[in-house]
$ cat coords_31.txt   # compact mmCIF, C-alpha atoms
# COMPACT_ATOMS: atom_id res chain seq x y z
CA MET J 2 118.20 77.63 98.12
CA THR J 3 115.17 78.94 99.95
CA PRO J 4 112.69 76.21 100.80
CA PRO J 5 109.45 76.71 98.84
CA SER J 6 107.31 76.67 102.00
CA LEU J 7 109.05 79.83 103.21
CA ALA J 8 109.47 81.56 99.86
CA ALA J 9 105.78 81.51 98.99
CA PRO J 10 104.53 83.50 101.99
CA LEU J 11 107.29 86.07 101.51
CA ARG J 12 106.60 86.44 97.80
CA PHE J 13 102.88 86.98 98.42
CA ARG J 14 103.25 89.08 101.54
CA TRP J 15 102.01 92.14 99.62
CA LEU J 16 98.69 90.29 99.26
CA HIS J 17 98.43 90.18 103.04
CA LEU J 18 99.20 93.89 103.23
CA LEU J 19 96.53 94.72 100.67
CA PRO J 20 93.58 94.84 103.11
CA ARG J 21 95.63 96.99 105.49
CA TRP J 22 96.59 99.48 102.81
CA GLY J 23 93.22 99.33 101.11
CA LEU J 24 91.24 99.99 104.28
CA ALA J 25 93.67 102.73 105.31
CA ALA J 26 93.14 104.42 101.93
CA LEU J 27 89.38 103.95 102.20
CA LEU J 28 89.21 105.42 105.70
CA THR J 29 91.35 108.38 104.62
CA ALA J 30 89.10 108.99 101.61
CA ALA J 31 86.08 108.85 103.92
CA ALA J 32 87.60 111.14 106.55
CA LEU J 33 88.89 114.00 104.38
CA PRO J 34 85.56 115.34 103.02
CA LYS J 35 84.01 115.04 106.49
CA LEU J 36 86.94 116.96 107.96
CA ALA J 37 86.56 119.61 105.27
CA ASP J 38 82.89 120.22 106.11
CA PRO J 39 81.84 118.79 109.51
CA SER J 40 78.67 120.83 109.38
CA ALA J 41 77.40 119.09 106.23
CA PHE J 42 78.31 115.73 107.75
CA ALA J 43 76.36 116.60 110.91
CA GLY J 44 73.35 117.44 108.74
CA ALA J 45 73.68 114.14 106.88
CA LEU J 46 73.80 112.30 110.23
CA GLU J 47 70.63 114.01 111.39
CA ASN J 48 68.81 112.73 108.32
CA TYR J 49 69.24 109.16 109.58
CA ARG J 50 66.92 110.11 112.46
CA LEU J 51 68.84 107.89 114.84
CA PHE J 52 70.80 110.39 116.87
CA SER J 53 69.84 113.29 119.10
CA PRO J 54 71.32 116.67 118.06
CA ALA J 55 73.99 116.33 120.76
CA ALA J 56 74.92 112.82 119.56
CA SER J 57 75.03 113.95 115.91
CA TYR J 58 77.28 116.81 116.96
CA ALA J 59 79.62 114.49 118.86
CA VAL J 60 79.76 111.91 116.05
CA ALA J 61 80.30 114.62 113.41
CA LEU J 62 83.31 115.90 115.34
CA LEU J 63 84.75 112.56 116.47
CA LEU J 64 84.29 110.24 113.50
CA PRO J 65 86.49 112.02 110.89
CA PRO J 66 89.60 112.22 113.13
CA LEU J 67 88.93 108.67 114.31
CA GLU J 68 88.86 107.38 110.72
CA LEU J 69 92.11 109.22 110.06
CA VAL J 70 93.78 107.93 113.23
CA ILE J 71 92.75 104.35 112.39
CA ALA J 72 94.09 104.75 108.85
CA ILE J 73 97.46 106.01 110.09
CA ALA J 74 97.65 103.27 112.73
CA LEU J 75 96.87 100.59 110.12
CA LEU J 76 99.65 101.91 107.92
CA ALA J 77 102.39 102.75 110.36
CA ALA J 78 101.75 101.57 113.92
CA PRO J 79 103.34 98.52 115.60
CA LEU J 80 101.19 95.37 115.87
CA ARG J 81 99.95 96.07 119.39
CA LEU J 82 98.48 99.44 118.40
CA ARG J 83 97.37 98.01 115.07
CA ARG J 84 95.20 95.50 116.92
CA GLY J 85 93.32 98.43 118.38
CA ALA J 86 92.96 99.92 114.91
CA TRP J 87 91.59 96.62 113.57
CA LEU J 88 89.12 96.36 116.45
CA LEU J 89 87.92 99.93 115.89
CA SER J 90 87.62 99.46 112.14
CA LEU J 91 85.61 96.25 112.69
CA ALA J 92 83.30 98.14 115.05
CA LEU J 93 83.00 101.04 112.57
CA PHE J 94 82.20 98.86 109.57
CA ALA J 95 79.68 96.82 111.57
CA GLY J 96 78.09 100.08 112.73
CA PHE J 97 77.99 101.50 109.19
CA PHE J 98 76.36 98.30 107.96
CA ALA J 99 73.72 98.37 110.71
CA ILE J 100 72.93 102.06 110.16
CA THR J 101 72.66 101.63 106.38
CA LEU J 102 70.45 98.56 106.82
CA GLY J 103 68.25 100.49 109.25
CA ALA J 104 67.87 103.36 106.77
CA GLN J 105 66.98 100.90 103.98
CA LEU J 106 64.43 99.08 106.12
CA ARG J 107 62.76 102.35 107.10
CA GLY J 108 62.66 103.39 103.44
CA LEU J 109 64.63 106.59 104.04
CA ASP J 110 65.57 108.36 100.83
CA ILE J 111 68.57 110.24 102.15
CA ALA J 112 72.12 111.10 101.19
CA CYS J 113 74.62 108.61 102.60
CA GLY J 114 77.10 111.21 103.86
CA CYS J 115 79.78 108.53 103.64
CA PHE J 116 82.39 110.08 101.35
CA GLY J 117 81.07 113.62 101.47
CA GLY J 118 78.90 113.19 98.37
CA GLN J 119 75.16 113.63 97.92
CA GLY J 120 74.58 110.09 96.58
CA ARG J 121 71.45 108.38 97.92
CA ILE J 122 71.67 105.18 99.93
CA GLN J 123 71.18 102.12 97.75
CA THR J 124 71.20 98.38 98.25
CA SER J 125 74.68 98.23 96.75
CA ASP J 126 75.88 100.35 99.70
CA LEU J 127 74.90 97.52 102.04
CA LEU J 128 76.95 95.03 100.04
CA LEU J 129 79.89 97.42 100.05
CA ARG J 130 79.76 97.79 103.80
CA ALA J 131 79.57 94.03 104.24
CA CYS J 132 82.63 93.72 101.98
CA PHE J 133 84.51 96.30 104.06
CA PHE J 134 83.71 94.36 107.22
CA ILE J 135 84.83 91.04 105.73
CA THR J 136 88.01 92.68 104.43
CA ALA J 137 88.71 94.02 107.92
CA VAL J 138 88.22 90.55 109.46
CA TRP J 139 90.53 89.04 106.85
CA GLY J 140 93.10 91.79 107.30
CA ALA J 141 93.13 91.44 111.08
CA CYS J 142 93.62 87.64 110.84
CA ARG J 143 96.37 87.95 108.23
CA ASP J 144 98.12 90.63 110.23
CA GLU J 145 98.32 88.33 113.28
CA ASP J 146 99.46 85.34 111.18
CA ASP J 147 102.21 87.36 109.51
CA VAL J 148 103.71 88.34 112.84
CA ARG J 149 103.50 84.83 114.31
CA MET P 16 93.17 76.96 122.34
CA CYS P 17 89.75 76.98 120.62
CA LYS P 18 88.95 79.64 118.01
CA PHE P 19 86.45 81.43 120.24
CA ALA P 20 88.92 81.72 123.11
CA ARG P 21 91.57 82.98 120.69
CA SER P 22 89.19 85.62 119.31
CA ALA P 23 88.18 86.69 122.80
CA ALA P 24 91.82 86.97 123.85
CA TRP P 25 92.55 88.98 120.70
CA CYS P 26 89.66 91.37 121.41
CA PHE P 27 90.80 91.76 125.00
CA SER P 28 94.37 92.55 123.95
CA ALA P 29 93.05 95.06 121.39
CA LEU P 30 90.83 96.94 123.83
CA ARG P 31 93.51 99.09 125.43
CA PRO P 32 95.16 100.23 122.17
CA ALA P 33 91.68 100.87 120.75
CA GLY P 34 90.97 103.09 123.74
CA ALA P 35 94.23 104.94 123.17
CA LEU P 36 93.35 105.57 119.51
CA LEU P 37 89.86 106.70 120.50
CA ALA P 38 91.33 109.12 123.04
CA LEU P 39 93.70 110.51 120.41
CA ALA P 40 90.78 111.02 118.00
CA ALA P 41 88.78 112.75 120.74
CA LEU P 42 91.75 115.03 121.36
CA LEU P 43 91.90 115.91 117.66
CA ALA P 44 88.13 116.54 117.61
CA VAL P 45 88.44 119.36 120.17
CA PRO P 46 90.12 121.92 117.86
CA ILE P 47 87.65 120.97 115.09
CA GLY P 48 84.74 121.75 117.40
CA LEU P 49 86.31 124.99 118.56
CA TRP P 50 87.95 126.52 115.52
CA HIS P 51 86.91 124.81 112.29
CA PRO P 52 85.27 127.47 110.09
CA LEU P 53 82.54 125.00 109.05
CA ARG P 54 82.01 123.39 112.47
CA PRO P 55 78.42 122.44 113.30
CA PRO P 56 76.74 124.74 115.80
CA ALA P 57 76.84 123.28 119.33
CA PRO P 58 73.41 121.83 120.13
CA PHE P 59 73.59 122.32 123.86
CA ALA P 60 71.35 125.39 123.98
CA ALA P 61 67.99 124.74 125.64
CA GLY P 62 65.43 123.38 123.18
CA ALA P 63 67.94 122.76 120.42
CA LYS P 64 66.28 120.54 117.83
CA SER P 65 68.85 120.57 115.08
CA ILE P 66 72.54 121.09 114.51
CA ARG P 67 72.20 122.01 110.87
CA PRO P 68 73.28 125.58 110.20
CA PRO P 69 70.18 127.78 109.92
CA VAL P 70 68.89 128.81 106.51
CA PRO P 71 69.19 132.59 106.12
CA GLN P 72 66.04 134.66 106.51
CA ARG P 73 64.86 137.45 104.18
CA SER P 74 62.15 139.99 104.86
CA LEU P 75 59.41 140.51 102.28
CA GLU P 76 60.84 143.96 101.47
CA GLU P 77 64.27 142.47 100.75
CA LEU P 78 62.72 139.81 98.52
CA ARG P 79 60.77 142.39 96.55
CA ARG P 80 63.85 144.59 96.13
CA GLU P 81 66.00 141.88 94.54
CA PRO P 82 64.97 141.04 90.95
CA ARG P 83 66.09 137.39 91.18
CA PHE P 84 63.30 136.70 93.66
CA ALA P 85 60.72 137.43 90.97
CA ARG P 86 61.58 133.95 89.64
CA ALA P 87 61.72 132.34 93.11
CA LEU P 88 60.03 129.04 93.84
CA TRP P 89 57.80 129.50 96.89
CA ILE P 90 57.31 126.63 99.30
CA ASP P 91 54.47 126.66 101.82
CA ALA P 92 55.41 124.63 104.92
CA ARG P 93 52.13 125.19 106.80
CA PRO P 94 49.53 122.45 107.39
CA ALA P 95 47.42 121.44 104.36
CA GLU P 96 44.27 123.19 105.67
CA ALA P 97 46.07 126.51 106.02
CA PHE P 98 47.52 126.09 102.53
CA ALA P 99 44.02 125.38 101.17
CA ARG P 100 42.67 128.56 102.78
CA GLY P 101 45.24 130.70 100.99
CA HIS P 102 48.88 130.80 99.92
CA VAL P 103 51.44 132.83 97.99
CA PRO P 104 50.50 132.62 94.27
CA GLY P 105 52.32 129.68 92.66
CA ALA P 106 53.55 128.29 95.99
CA LEU P 107 53.91 124.53 96.38
CA HIS P 108 52.88 122.74 99.54
CA LEU P 109 55.62 120.75 101.29
CA THR P 110 55.82 119.58 104.89
CA GLU P 111 58.14 117.16 106.64
CA GLN P 112 55.18 114.86 107.39
CA ALA P 113 54.24 114.58 103.70
CA TRP P 114 57.78 114.89 102.34
CA GLU P 115 57.66 111.99 99.89
CA ASN P 116 54.33 113.19 98.44
CA GLY P 117 55.34 116.82 98.06
CA LEU P 118 58.95 116.57 96.97
CA PRO P 119 58.45 115.33 93.36
CA ALA P 120 56.42 118.46 92.47
CA VAL P 121 59.12 120.65 93.99
CA ILE P 122 61.86 118.87 92.03
CA GLU P 123 59.85 119.27 88.83
CA ALA P 124 59.17 122.98 89.38
CA TRP P 125 62.61 124.00 90.66
CA ARG P 126 65.31 125.37 88.39
CA PRO P 127 68.74 125.41 90.09
CA GLU P 128 69.41 128.98 88.93
CA ASN P 129 66.28 130.24 90.74
CA PRO P 130 66.11 130.79 94.50
CA ILE P 131 63.72 128.96 96.81
CA VAL P 132 61.77 130.78 99.52
CA VAL P 133 60.11 128.76 102.28
CA TYR P 134 57.52 130.15 104.66
CA CYS P 135 55.32 128.92 107.48
CA GLY P 136 52.61 130.58 109.58
CA GLY P 137 54.38 133.49 111.22
CA GLU P 138 57.35 134.77 113.18
CA THR P 139 57.32 132.01 115.78
CA CYS P 140 56.85 128.87 113.67
CA ALA P 141 59.89 126.68 112.97
CA THR P 142 58.62 124.42 110.20
CA SER P 143 59.92 126.71 107.45
CA GLN P 144 63.45 126.34 108.88
CA SER P 145 63.28 122.55 109.08
CA VAL P 146 61.75 122.22 105.59
CA ALA P 147 64.33 124.67 104.16
CA GLN P 148 67.21 122.81 105.84
CA ARG P 149 66.03 119.51 104.49
CA LEU P 150 65.48 120.95 101.02
CA ARG P 151 68.97 122.44 101.08
CA LEU P 152 70.38 119.00 101.77
CA ASP P 153 68.12 116.97 99.49
CA LEU P 154 68.29 119.27 96.46
CA ALA P 155 71.78 120.58 97.24
CA ALA P 156 70.12 123.98 96.74
CA GLU P 157 72.45 126.84 97.54
CA THR P 158 70.09 129.79 97.19
CA ILE P 159 67.40 128.92 99.67
CA PHE P 160 65.81 131.34 102.12
CA VAL P 161 63.15 131.53 104.79
CA LEU P 162 60.58 134.32 104.65
CA GLN P 163 60.88 136.34 107.83
CA GLY P 164 57.47 136.62 109.46
CA GLY P 165 56.04 133.84 107.27
CA TRP P 166 52.48 133.98 105.96
CA GLU P 167 51.60 136.76 108.42
CA ALA P 168 54.15 139.01 106.72
CA TRP P 169 52.67 138.22 103.29
CA SER P 170 49.05 138.81 104.25
CA PRO P 171 49.09 141.10 107.30
$ encode --input "coords_31.txt" --output "structure tokens"
Amino acid sequence: MTPPSLAAPLRFRWLHLLPRWGLAALLTAAALPKLADPSAFAGALENYRLFSPAASYAVALLLPPLELVIAIALLAAPLRLRRGAWLLSLALFAGFFAITLGAQLRGLDIACGCFGGQGRIQTSDLLLRACFFITAVWGACRDEDDVR
Amino acid sequence: MCKFARSAAWCFSALRPAGALLALAALLAVPIGLWHPLRPPAPFAAGAKSIRPPVPQRSLEELRREPRFARALWIDARPAEAFARGHVPGALHLTEQAWENGLPAVIEAWRPENPIVVYCGGETCATSQSVAQRLRLDLAAETIFVLQGGWEAWSP
């Protein structure tokens, strides 16, 4: 008979995979509309009034493939590469939170540009980004524990 | 090992794979920048102030020829004093500096089926472009144009 201390983690292992799969799905959903129309995303970035035109251009081109690469790495890469994906996703979510907070504090009434929609930035967006960051921290910790 | 040291070691071990993923993403970004049909225009030209695609221009003759422009909403992007001295009949005043004050009137007056025409002082001013680009994004307006030659073309 399997000892209960070993059976429980195995039975609930899908719970540990949930943040990995969830964040991978989220990043894919965020990347696809930006990949479909990088020009609109570049315009949305400019509205934040944080980046120079050259920086907006670079971010508009780099961020969508980066989100997609992170998503694929979270889903399918070995642990060593996955660590890099976790680190990048933590940096991304922290950055998104800071940028959204900055826009809120400056009272900017602009489209978020996050999932390709025209929805305005709201306070709930801040909470969402904080949740994404916490989920990424949890996922990274769980991922390490599972391998150990 | 304390938690901080463990986290630092984790970050350190994650740096190299993160760099590899970043490099891969940068590699994928190259074809997007070169060949994507909706790629943003490269902002490296001298004096580039925006990477938004420009709003198309229409001459006054073209606007008068097309019947749909009879119902157009005109936006005056010149300074308030110039607007007070004279403007296109029915035009609303909207500048980037007074965006929050001017936008509600524009939203109220605009019907999505009608085009928007933005103008500024003349051939060389750029405010009509920036106002039109911002309007296009904020209102998701598809039929938005800039009057070629601006106010000078309207009242030569």
$ closest_residue --input "coords_31.txt" --among "J:Leu28, J:Leu93, J:Ala99, J:Leu62" --to "chain P" --atoms "only C-alpha atoms"
J:Leu62
$ residues_around --input "coords_31.txt" --residues "Glu76 of chain P" --least-positions-apart "6" --cutoff "12 Å" --atoms "only C-alpha atoms" --output "ChimeraX atom specification"
/P:82,84,162-164,168-169
$ residues_around --input "coords_31.txt" --residues "Ser40 of chain J" --least-positions-apart "6" --cutoff "6 Å" --atoms "only C-alpha atoms" --output "PyMOL selection string"
chain P and resi 53-55
$ residues_around --input "coords_31.txt" --residues "Leu39 of chain P" --least-positions-apart "6" --cutoff "9 Å" --atoms "all atoms listed in the file" --output "compact mmCIF listing (two decimals) with C-alpha atoms, keeping the file's coordinate frame"
# COMPACT_ATOMS: atom_id res chain seq x y z
CA PRO J 66 89.60 112.22 113.13
CA LEU J 67 88.93 108.67 114.31
CA VAL J 70 93.78 107.93 113.23
$ residues_around --input "coords_31.txt" --residues "Phe134 of chain J" --least-positions-apart "4" --cutoff "10 Å" --atoms "only C-alpha atoms" --output "list of chain:residue names"
J:Leu24, J:Ser90, J:Leu91, J:Ala92, J:Leu93, J:Phe94, J:Ala95, J:Gly96, J:Phe97, J:Phe98, J:Leu128, J:Leu129, J:Arg130, J:Val138, J:Trp139, J:Gly140
$ atom_distance --input "coords_31.txt" --atom1 "atom CA of Gly101 of chain P" --atom2 "atom CA of Gln72 of chain P"
21.9 Å
$ interface_residues --input "coords_31.txt" --of "chain J" --to "chain P" --cutoff "7 Å" --atoms "all atoms listed in the file" --output "VMD selection string"
chain J and resid 38 to 40 43 to 44 54 to 55 58 62 to 63 66 to 67 70 81 to 82 84 to 86 88 to 89
$ closest_residue --input "coords_31.txt" --among "J:Trp87, J:Leu69, J:Ile100, J:Leu46" --to "Ala31 of chain J" --atoms "all atoms listed in the file"
J:Leu69
$ atom_distance --input "coords_31.txt" --atom1 "atom CA of Gly108 of chain J" --atom2 "atom CA of Val121 of chain P"
20.0 Å
$ closest_residue --input "coords_31.txt" --among "P:Ala24, P:Ala141, P:Leu88, P:Ala147" --to "Gly105 of chain P" --atoms "all atoms listed in the file"
P:Leu88
$ atom_distance --input "coords_31.txt" --atom1 "atom CA of Leu102 of chain J" --atom2 "atom CA of Glu68 of chain J"
20.8 Å
$ closest_residue --input "coords_31.txt" --among "P:Ala113, P:Ala97, P:Ala92, P:Val70" --to "Ser143 of chain P" --atoms "all atoms listed in the file"
P:Ala92
$ residues_around --input "coords_31.txt" --residues "segment 129-131 of chain P" --least-positions-apart "6" --cutoff "8 Å" --atoms "all atoms listed in the file" --output "VMD selection string"
chain P and resid 83 to 84 86 to 90 158 to 160
$ closest_residue --input "coords_31.txt" --among "P:Pro104, P:Val146, P:Cys135, P:Pro171" --to "Ala85 of chain P" --atoms "only C-alpha atoms"
P:Pro104
$ closest_residue --input "coords_31.txt" --among "J:Leu106, J:Leu51, J:Ile122, J:Ala74" --to "Ala25 of chain J" --atoms "only C-alpha atoms"
J:Ala74
